[in-house]
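The next block is input_39.txt, given as compact mmCIF, C-alpha atoms.
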```txt
# COMPACT_ATOMS: atom_id res chain seq x y z
CA MET A 1 -10.88 -16.23 11.34
CA SER A 2 -11.77 -18.31 8.38
CA ALA A 3 -8.80 -17.14 6.36
CA THR A 4 -5.95 -19.55 6.65
CA ARG A 5 -3.00 -18.74 8.86
CA GLU A 6 -0.80 -18.03 5.85
CA ILE A 7 -3.22 -15.41 4.55
CA GLU A 8 -3.36 -13.79 7.99
CA ALA A 9 0.44 -13.79 8.20
CA LEU A 10 0.60 -12.23 4.74
CA ILE A 11 -1.82 -9.48 5.77
CA ASP A 12 0.22 -8.77 8.91
CA MET A 13 3.41 -8.52 6.88
CA MET A 14 1.86 -6.34 4.17
CA ALA A 15 0.59 -4.02 6.92
CA ARG A 16 4.23 -3.35 7.87
CA LEU A 17 4.88 -1.62 4.55
CA PRO A 18 4.83 2.18 4.75
CA GLY A 19 1.53 3.62 3.59
CA LEU A 20 -0.42 0.45 4.30
CA GLY A 21 -2.38 -0.27 7.47
CA PRO A 22 -4.32 -3.39 8.49
CA ARG A 23 -7.35 -2.41 6.42
CA SER A 24 -5.52 -1.56 3.22
CA ALA A 25 -3.28 -4.62 3.66
CA ARG A 26 -6.42 -6.80 3.73
CA ARG A 27 -7.72 -5.13 0.58
CA ALA A 28 -4.37 -5.56 -1.15
CA VAL A 29 -4.11 -9.23 -0.18
CA LEU A 30 -7.66 -9.96 -1.36
CA HIS A 31 -6.90 -8.21 -4.63
CA MET A 32 -3.72 -10.25 -5.05
CA ILE A 33 -5.51 -13.52 -4.27
CA ARG A 34 -8.14 -12.72 -6.90
CA LYS A 35 -5.37 -12.04 -9.42
CA ARG A 36 -2.98 -14.64 -8.18
CA SER A 37 -1.68 -15.84 -11.53
CA VAL A 38 -1.34 -12.42 -13.21
CA LEU A 39 -0.30 -10.36 -10.19
CA MET A 40 0.58 -12.25 -7.02
CA THR A 41 2.95 -14.86 -8.45
CA PRO A 42 4.83 -12.44 -10.76
CA LEU A 43 5.06 -9.91 -7.92
CA ALA A 44 6.47 -12.53 -5.55
CA ASP A 45 8.97 -13.63 -8.22
CA LEU A 46 10.12 -10.05 -8.77
CA MET A 47 10.45 -9.46 -5.05
CA GLN A 48 12.61 -12.56 -4.72
CA LYS A 49 14.83 -11.37 -7.59
CA VAL A 50 15.18 -7.85 -6.26
CA ALA A 51 15.80 -9.09 -2.70
CA ALA A 52 18.57 -11.31 -4.04
CA SER A 53 20.20 -8.76 -6.33
CA ALA A 54 19.64 -5.29 -4.84
CA ARG A 55 22.44 -3.77 -2.82
CA GLU A 56 23.77 -0.37 -1.84
CA CYS A 57 26.46 1.14 -4.01
CA LEU A 58 29.68 1.14 -1.99
CA ASN A 59 30.59 4.52 -3.47
CA CYS A 60 27.41 6.61 -3.22
CA GLY A 61 24.76 4.60 -1.34
CA ASN A 62 22.38 4.39 -4.32
CA ILE A 63 20.56 1.11 -4.79
CA GLY A 64 21.68 -1.04 -7.70
CA THR A 65 22.57 -4.59 -8.49
CA GLY A 66 26.34 -4.46 -8.23
CA ASP A 67 28.93 -3.19 -5.74
CA ILE A 68 29.04 0.03 -7.77
CA CYS A 69 25.80 1.49 -9.13
CA ASP A 70 25.19 2.38 -12.79
CA ILE A 71 25.61 6.11 -12.18
CA CYS A 72 28.94 5.77 -10.39
CA ALA A 73 30.12 3.29 -13.03
CA SER A 74 29.26 5.60 -15.95
CA ASP A 75 32.00 7.94 -17.17
CA ASN A 76 29.29 10.15 -18.70
CA ARG A 77 28.17 11.12 -15.23
CA ALA A 78 31.66 12.22 -14.13
CA ASN A 79 31.10 15.94 -14.76
CA GLY A 80 32.66 17.09 -11.51
CA MET A 81 29.31 17.53 -9.77
CA ILE A 82 27.97 15.57 -6.84
CA CYS A 83 24.40 16.03 -5.66
CA VAL A 84 24.00 15.12 -1.98
CA VAL A 85 20.58 13.72 -1.05
CA GLU A 86 19.14 12.25 2.12
CA ASP A 87 17.56 9.20 0.61
CA VAL A 88 17.41 6.99 -2.49
CA ALA A 89 13.82 8.21 -3.01
CA ASP A 90 15.22 11.76 -3.40
CA LEU A 91 17.75 10.48 -5.93
CA TRP A 92 14.97 8.83 -7.91
CA ALA A 93 12.96 12.07 -7.83
CA LEU A 94 15.93 14.02 -9.22
CA GLU A 95 16.58 11.36 -11.88
CA ARG A 96 12.96 11.54 -12.98
CA SER A 97 13.41 15.24 -13.73
CA GLY A 98 16.34 14.20 -15.93
CA VAL A 99 18.04 17.55 -15.54
CA PHE A 100 21.04 16.57 -13.43
CA LYS A 101 23.88 14.91 -15.30
CA GLY A 102 26.36 14.38 -12.46
CA ARG A 103 26.68 11.83 -9.71
CA TYR A 104 24.94 11.49 -6.36
CA HIS A 105 25.81 10.86 -2.77
CA VAL A 106 23.05 9.30 -0.67
CA LEU A 107 23.47 10.10 3.02
CA GLY A 108 20.81 7.68 4.20
CA GLY A 109 19.30 10.16 6.64
CA THR A 110 20.17 13.35 8.48
CA LEU A 111 22.38 14.14 11.44
CA SER A 112 20.44 13.72 14.65
CA ALA A 113 21.82 14.00 18.16
CA LEU A 114 18.62 12.47 19.55
CA ASP A 115 18.81 9.37 17.37
CA GLN A 116 22.62 9.20 17.72
CA VAL A 117 23.18 9.66 14.00
CA GLY A 118 26.64 11.13 13.47
CA PRO A 119 28.68 11.88 10.33
CA GLU A 120 29.99 8.29 10.14
CA GLN A 121 26.47 6.83 9.96
CA LEU A 122 25.72 9.16 7.03
CA ARG A 123 28.68 8.39 4.74
CA ILE A 124 29.94 11.95 5.22
CA PRO A 125 33.62 10.85 5.47
CA ARG A 126 33.09 8.93 2.20
CA LEU A 127 31.69 12.12 0.60
CA ILE A 128 34.82 14.04 1.64
CA ASP A 129 37.01 11.27 0.15
CA ARG A 130 35.05 11.42 -3.10
CA VAL A 131 35.49 15.17 -3.45
CA ASP A 132 39.23 14.53 -3.70
CA SER A 133 39.29 11.24 -5.59
CA GLU A 134 36.67 12.09 -8.23
CA ALA A 135 37.95 15.60 -9.04
CA VAL A 136 34.71 17.17 -7.87
CA THR A 137 34.25 20.90 -8.44
CA GLU A 138 30.70 21.43 -7.20
CA VAL A 139 28.68 19.80 -4.45
CA ILE A 140 24.93 20.46 -4.60
CA LEU A 141 23.30 20.05 -1.22
CA ALA A 142 19.81 18.81 -2.17
CA LEU A 143 18.70 18.03 1.36
CA ASN A 144 15.14 18.44 2.51
CA ALA A 145 14.14 21.90 3.69
CA THR A 146 13.58 20.60 7.23
CA VAL A 147 15.48 21.57 10.37
CA ASP A 148 17.43 18.28 10.38
CA GLY A 149 18.09 18.48 6.64
CA GLN A 150 19.41 22.01 6.89
CA THR A 151 21.54 21.20 9.97
CA THR A 152 23.12 18.37 8.01
CA ALA A 153 23.66 20.62 4.97
CA HIS A 154 25.34 23.17 7.24
CA TYR A 155 27.65 20.53 8.72
CA ILE A 156 28.67 19.23 5.28
CA ALA A 157 29.22 22.79 4.06
CA GLU A 158 31.61 23.40 6.96
CA GLN A 159 33.63 20.30 6.10
CA LEU A 160 33.92 21.12 2.40
CA GLU A 161 33.85 24.91 2.16
CA ASP A 162 37.50 25.39 1.20
CA ARG A 163 37.60 22.58 -1.34
CA VAL A 164 34.67 22.91 -3.73
CA THR A 165 31.85 25.18 -4.81
CA LEU A 166 28.87 24.48 -2.59
CA THR A 167 25.36 25.13 -3.82
CA SER A 168 21.87 24.30 -2.66
CA LEU A 169 18.53 24.02 -4.45
CA ALA A 170 16.65 27.27 -4.97
CA GLN A 171 13.73 27.87 -2.64
CA GLY A 172 10.58 29.54 -3.84
CA VAL A 173 7.12 29.02 -5.25
CA PRO A 174 6.60 25.51 -6.71
CA ILE A 175 5.56 25.38 -10.38
CA GLY A 176 1.78 25.45 -10.43
CA GLY A 177 1.74 26.57 -6.80
CA GLU A 178 -0.81 29.08 -5.59
CA LEU A 179 0.41 31.80 -3.24
CA ASP A 180 -2.73 31.48 -1.19
CA TYR A 181 -1.81 27.93 -0.19
CA LEU A 182 1.89 28.49 0.51
CA ASP A 183 3.32 28.77 4.01
CA ASP A 184 4.89 32.02 5.21
CA GLY A 185 8.41 30.62 5.11
CA THR A 186 8.18 29.74 1.42
CA ILE A 187 6.70 33.13 0.53
CA THR A 188 9.47 34.87 2.48
CA ALA A 189 12.13 32.79 0.71
CA ALA A 190 10.57 33.41 -2.71
CA LEU A 191 10.38 37.15 -2.05
CA ASN A 192 13.94 37.39 -0.78
CA ALA A 193 15.26 35.50 -3.81
CA ARG A 194 13.13 37.47 -6.29
CA ARG A 195 14.53 37.86 -9.78
CA ARG A 196 14.33 40.51 -12.45
CA VAL A 197 11.81 39.54 -15.15
CA MET B 1 16.49 5.94 -14.03
CA SER B 2 19.37 4.58 -12.06
CA ALA B 3 17.28 1.90 -10.42
CA THR B 4 17.60 -1.36 -12.25
CA ARG B 5 14.84 -2.52 -14.52
CA GLU B 6 13.70 -5.14 -12.01
CA ILE B 7 13.22 -2.54 -9.31
CA GLU B 8 11.23 -0.37 -11.71
CA ALA B 9 9.10 -3.34 -12.71
CA LEU B 10 8.52 -4.12 -9.04
CA ILE B 11 7.42 -0.55 -8.34
CA ASP B 12 5.03 -0.65 -11.32
CA MET B 13 3.51 -3.88 -10.10
CA MET B 14 3.19 -2.73 -6.49
CA ALA B 15 1.45 0.40 -7.76
CA ARG B 16 -1.31 -1.83 -9.14
CA LEU B 17 -2.35 -2.89 -5.64
CA PRO B 18 -5.43 -1.08 -4.32
CA GLY B 19 -4.50 1.76 -1.98
CA LEU B 20 -1.03 2.19 -3.46
CA GLY B 21 -0.05 4.69 -6.14
CA PRO B 22 3.29 5.25 -7.86
CA ARG B 23 4.65 7.32 -4.97
CA SER B 24 3.65 4.98 -2.16
CA ALA B 25 4.77 1.98 -4.24
CA ARG B 26 8.25 3.54 -4.49
CA ARG B 27 8.32 4.12 -0.74
CA ALA B 28 7.17 0.56 -0.07
CA VAL B 29 9.77 -0.92 -2.44
CA LEU B 30 12.59 1.15 -0.92
CA HIS B 31 11.47 0.06 2.54
CA MET B 32 11.44 -3.57 1.44
CA ILE B 33 14.88 -3.30 -0.16
CA ARG B 34 16.28 -1.88 3.07
CA LYS B 35 14.74 -4.76 5.00
CA ARG B 36 15.24 -7.37 2.33
CA SER B 37 16.21 -10.26 4.62
CA VAL B 38 13.64 -9.65 7.37
CA LEU B 39 10.74 -8.39 5.25
CA MET B 40 11.10 -8.69 1.48
CA THR B 41 12.20 -12.34 1.23
CA PRO B 42 9.72 -13.66 3.84
CA LEU B 43 6.94 -11.60 2.23
CA ALA B 44 7.75 -12.99 -1.21
CA ASP B 45 7.82 -16.54 0.20
CA LEU B 46 4.43 -16.07 1.85
CA MET B 47 2.97 -14.61 -1.34
CA GLN B 48 4.20 -17.63 -3.29
CA LYS B 49 2.65 -19.98 -0.76
CA VAL B 50 -0.68 -18.17 -0.67
CA ALA B 51 -0.79 -17.85 -4.46
CA ALA B 52 -0.25 -21.58 -4.74
CA SER B 53 -2.73 -22.64 -2.06
CA ALA B 54 -5.52 -20.06 -1.92
CA ARG B 55 -8.71 -20.81 -3.77
CA GLU B 56 -12.39 -19.99 -3.64
CA CYS B 57 -14.65 -22.33 -1.73
CA LEU B 58 -16.86 -24.12 -4.28
CA ASN B 59 -19.78 -23.92 -1.88
CA CYS B 60 -19.76 -20.35 -0.57
CA GLY B 61 -17.06 -18.38 -2.41
CA ASN B 62 -14.97 -17.73 0.72
CA ILE B 63 -11.20 -17.93 0.28
CA GLY B 64 -9.49 -20.93 1.80
CA THR B 65 -6.94 -23.55 0.93
CA GLY B 66 -9.20 -26.41 -0.12
CA ASP B 67 -12.16 -26.94 -2.43
CA ILE B 68 -14.41 -26.39 0.60
CA CYS B 69 -13.50 -23.67 3.12
CA ASP B 70 -13.12 -24.24 6.87
CA ILE B 71 -16.49 -22.66 7.65
CA CYS B 72 -18.43 -24.80 5.17
CA ALA B 73 -16.52 -27.88 6.31
CA SER B 74 -17.29 -27.32 10.00
CA ASP B 75 -20.44 -28.97 11.38
CA ASN B 76 -20.39 -26.40 14.21
CA ARG B 77 -21.31 -23.70 11.74
CA ALA B 78 -24.34 -25.57 10.38
CA ASN B 79 -26.90 -23.74 12.54
CA GLY B 80 -29.35 -23.19 9.71
CA MET B 81 -28.25 -19.60 9.09
CA ILE B 82 -26.54 -18.23 6.00
CA CYS B 83 -25.19 -14.71 5.95
CA VAL B 84 -25.01 -13.33 2.40
CA VAL B 85 -22.16 -10.82 1.81
CA GLU B 86 -20.85 -9.06 -1.27
CA ASP B 87 -17.20 -9.75 -0.73
CA VAL B 88 -14.69 -11.85 1.21
CA ALA B 89 -13.59 -8.65 2.96
CA ASP B 90 -17.11 -8.32 4.37
CA LEU B 91 -16.97 -11.94 5.54
CA TRP B 92 -13.67 -11.22 7.31
CA ALA B 93 -15.19 -8.13 8.96
CA LEU B 94 -18.11 -10.19 10.27
CA GLU B 95 -15.77 -12.95 11.47
CA ARG B 96 -13.67 -10.40 13.38
CA SER B 97 -16.76 -9.43 15.35
CA GLY B 98 -17.06 -13.11 16.25
CA VAL B 99 -20.80 -12.83 16.82
CA PHE B 100 -22.10 -14.83 13.85
CA LYS B 101 -21.95 -18.59 14.24
CA GLY B 102 -23.52 -19.69 10.97
CA ARG B 103 -22.20 -19.99 7.44
CA TYR B 104 -21.69 -17.43 4.70
CA HIS B 105 -22.41 -16.98 1.03
CA VAL B 106 -20.06 -14.63 -0.80
CA LEU B 107 -21.70 -13.15 -3.90
CA GLY B 108 -18.53 -11.60 -5.27
CA GLY B 109 -20.21 -8.30 -6.15
CA THR B 110 -23.65 -6.88 -6.76
CA LEU B 111 -26.13 -7.13 -9.59
CA SER B 112 -25.41 -4.50 -12.19
CA ALA B 113 -27.09 -4.10 -15.55
CA LEU B 114 -24.40 -1.64 -16.63
CA ASP B 115 -21.54 -4.05 -15.93
CA GLN B 116 -23.57 -7.02 -17.17
CA VAL B 117 -23.48 -8.76 -13.81
CA GLY B 118 -26.46 -11.09 -13.55
CA PRO B 119 -27.55 -13.63 -10.90
CA GLU B 120 -25.33 -16.36 -12.43
CA GLN B 121 -22.18 -14.26 -12.02
CA LEU B 122 -23.02 -13.77 -8.33
CA ARG B 123 -23.55 -17.39 -7.25
CA ILE B 124 -27.23 -16.65 -6.61
CA PRO B 125 -28.41 -20.00 -8.08
CA ARG B 126 -25.89 -21.71 -5.79
CA LEU B 127 -27.38 -19.81 -2.81
CA ILE B 128 -30.86 -21.04 -3.71
CA ASP B 129 -29.53 -24.62 -3.94
CA ARG B 130 -27.89 -24.26 -0.54
CA VAL B 131 -31.08 -23.10 1.11
CA ASP B 132 -32.57 -26.49 0.26
CA SER B 133 -29.55 -28.75 0.66
CA GLU B 134 -28.24 -27.32 3.94
CA ALA B 135 -31.59 -27.11 5.73
CA VAL B 136 -31.34 -23.34 6.03
CA THR B 137 -33.97 -21.56 8.10
CA GLU B 138 -32.70 -17.97 7.99
CA VAL B 139 -30.84 -15.98 5.35
CA ILE B 140 -29.28 -12.73 6.60
CA LEU B 141 -28.76 -10.25 3.79
CA ALA B 142 -25.63 -8.39 4.94
CA LEU B 143 -25.12 -6.44 1.74
CA ASN B 144 -23.72 -2.94 1.69
CA ALA B 145 -26.21 -0.13 2.21
CA THR B 146 -25.61 1.16 -1.32
CA VAL B 147 -28.08 1.30 -4.17
CA ASP B 148 -26.51 -1.73 -5.91
CA GLY B 149 -26.25 -3.66 -2.65
CA GLN B 150 -29.90 -3.04 -1.81
CA THR B 151 -31.04 -3.88 -5.36
CA THR B 152 -29.22 -7.20 -5.06
CA ALA B 153 -30.72 -7.84 -1.61
CA HIS B 154 -34.16 -7.14 -3.03
CA TYR B 155 -33.62 -9.61 -5.90
CA ILE B 156 -32.43 -12.35 -3.55
CA ALA B 157 -35.34 -11.69 -1.21
CA GLU B 158 -37.77 -12.18 -4.11
CA GLN B 159 -36.20 -15.53 -4.99
CA LEU B 160 -36.24 -16.85 -1.45
CA GLU B 161 -39.22 -15.23 0.24
CA ASP B 162 -41.40 -18.31 0.47
CA ARG B 163 -38.69 -20.68 1.62
CA VAL B 164 -36.81 -19.12 4.55
CA THR B 165 -36.88 -16.28 7.04
CA LEU B 166 -35.12 -13.32 5.46
CA THR B 167 -33.44 -10.68 7.62
CA SER B 168 -31.08 -7.80 7.04
CA LEU B 169 -28.63 -5.94 9.29
CA ALA B 170 -30.11 -3.22 11.47
CA GLN B 171 -29.49 0.33 10.27
CA GLY B 172 -28.83 3.13 12.74
CA VAL B 173 -26.23 5.12 14.60
CA PRO B 174 -22.81 3.40 14.66
CA ILE B 175 -21.36 2.69 18.12
CA GLY B 176 -19.33 5.76 19.09
CA GLY B 177 -20.96 7.73 16.29
CA GLU B 178 -21.84 11.37 16.73
CA LEU B 179 -25.18 12.52 15.39
CA ASP B 180 -23.64 15.73 14.14
CA TYR B 181 -21.48 13.80 11.67
CA LEU B 182 -24.11 11.36 10.42
CA ASP B 183 -25.85 11.73 7.09
CA ASP B 184 -29.58 12.40 6.89
CA GLY B 185 -30.36 8.89 5.62
CA THR B 186 -28.76 7.22 8.64
CA ILE B 187 -30.51 9.58 11.06
CA THR B 188 -33.84 8.91 9.35
CA ALA B 189 -33.27 5.14 9.52
CA ALA B 190 -32.21 5.32 13.18
CA LEU B 191 -35.25 7.40 14.06
CA ASN B 192 -37.67 5.15 12.20
CA ALA B 193 -36.23 2.04 13.89
CA ARG B 194 -36.16 3.65 17.34
CA ARG B 195 -36.53 1.30 20.29
CA ARG B 196 -38.01 1.55 23.78
CA VAL B 197 -35.26 2.08 26.39
```
Will you turn the file into structure tokens for me?
Amino acid sequence: MSATREIEALIDMMARLPGLGPRSARRAVLHMIRKRSVLMTPLADLMQKVAASARECLNCGNIGTGDICDICASDNRANGMICVVEDVADLWALERSGVFKGRYHVLGGTLSALDQVGPEQLRIPRLIDRVDSEAVTEVILALNATVDGQTTAHYIAEQLEDRVTLTSLAQGVPIGGELDYLDDGTITAALNARRRV
Amino acid sequence: MSATREIEALIDMMARLPGLGPRSARRAVLHMIRKRSVLMTPLADLMQKVAASARECLNCGNIGTGDICDICASDNRANGMICVVEDVADLWALERSGVFKGRYHVLGGTLSALDQVGPEQLRIPRLIDRVDSEAVTEVILALNATVDGQTTAHYIAEQLEDRVTLTSLAQGVPIGGELDYLDDGTITAALNARRRV
């Protein structure tokens, strides 16, 4: 290889990012080298800053820069609702919609006997504590509609059912979705939950 | 958004890399934040190092750490052959095969009247100089089999035809390729260049 060892090491490391393989990592590195002053150096600076400052919120598991994230620190978000999500990416997706004004609880995964993920690994005890300490009235289980996600939702529901209102996201046809392309399960769910026009 | 401004800026910048969009940039950034000590910090360090050291070879356009790249600096590669490629990625692909022992000339694109790319922008005068100064006997035109690539190859061939042997890569069925999936042009080329078994 004519590329220097550092460039090769950089390609190998970029290829470890999700969504990038060896080929796309090479393309990305070449692109960065071509734009090293306007892209590569600022990107590296930002990564250093974020690596130094980012941490998980001790309360909810969201990623922020302090021990407690902005959402948990804001009194405006204390509306008695907690939305339980699997992952910070799900939290970001909900925040982008801008419709939810409460707080979150990021599990960091789903229960899995195979992978030895139990309630403790998922901050479920912390969620139960929060229901009491933050005067929570409703817990929205916004877990993925997968088998593991629904198993985890079921487990949490069992732990909390006497204490708060438990809700889950509606299932049905996505906005802009075409029936022809939907799976049977979604069509069944949408039909069962049909509403009067 | 609950993510801090730095994280958002990082996602925006990652999304500018080829092969990554907003969604995959978010996934990559989350992954890096989770692995900040083993992945994000070392990656940022490497990017800083490469951004500071990488530069284009003044002779051939390859990327290296000095004014002259390793291949141009090595006497072992002075076998009188220059392989002309569009891009450093193409050079890397040829180097991975390990079969070419000569030197390269990286054009950095193709001729394009629309984008106002002329011979000067593509280091073509430098290629013509090299043919004389490096005692070159064969120039291999390893340009992409696209219209622009072939136009550029044709132009270079016209400039050099009296001075050196000009060759181009063979066209035909890729190794492991299935005829059923090949386009008509490739099948035509493979048939026209058929060889005795």
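The closest residue to chain B, picked from A:Leu46, A:Arg5, A:Ala78, A:Ala15 and counting all atoms listed in the file, is A:Leu46.
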Exercise. Chain A residues within 8 Å of chain B, counting all atoms listed in the file: which ones, as a VMD selection string?
Worked result: chain A and resid 1 to 4 6 to 7 9 to 10 13 to 14 17 to 20 24 26 to 28 30 to 33 36 to 37 39 to 41 43 to 51 54 63 to 65 69 to 71 88 to 89 92 95 to 96
Problem set entry | Close residues, Thr165 (chain A) itself excluded, 9 Å, all atoms listed in the file, min 2 positions apart in chain, as an MDAnalysis selection string | chainID A and resid 137:140 160:163 167
For this session: Could you please determine the separation between CA of Val197 (chain A) and CA of Leu143 (chain A) in Å, to one decimal place?
Result: 28.0 Å
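With only C-alpha atoms as the atoms that count, the residue of B:Glu86, B:Glu178, B:Asp75, B:Asp183 with the shortest distance to Leu141 (chain B) is B:Glu86.
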Problem set entry | Atom-to-atom span, CA of Ser133 (chain A) and CA of Cys83 (chain A), Å | 15.6 Å
Enclose region 174-180 of chain A, meaning all of its atoms listed in the file, in a box aligned along x, y and z, pad it by 3 Å on each side, and list the centre and edge lengths in Å to one decimal, as JSON.
```
{"center_x": 1.9, "center_y": 28.6, "center_z": -5.8, "size_x": 15.3, "size_y": 12.4, "size_z": 15.2}
```
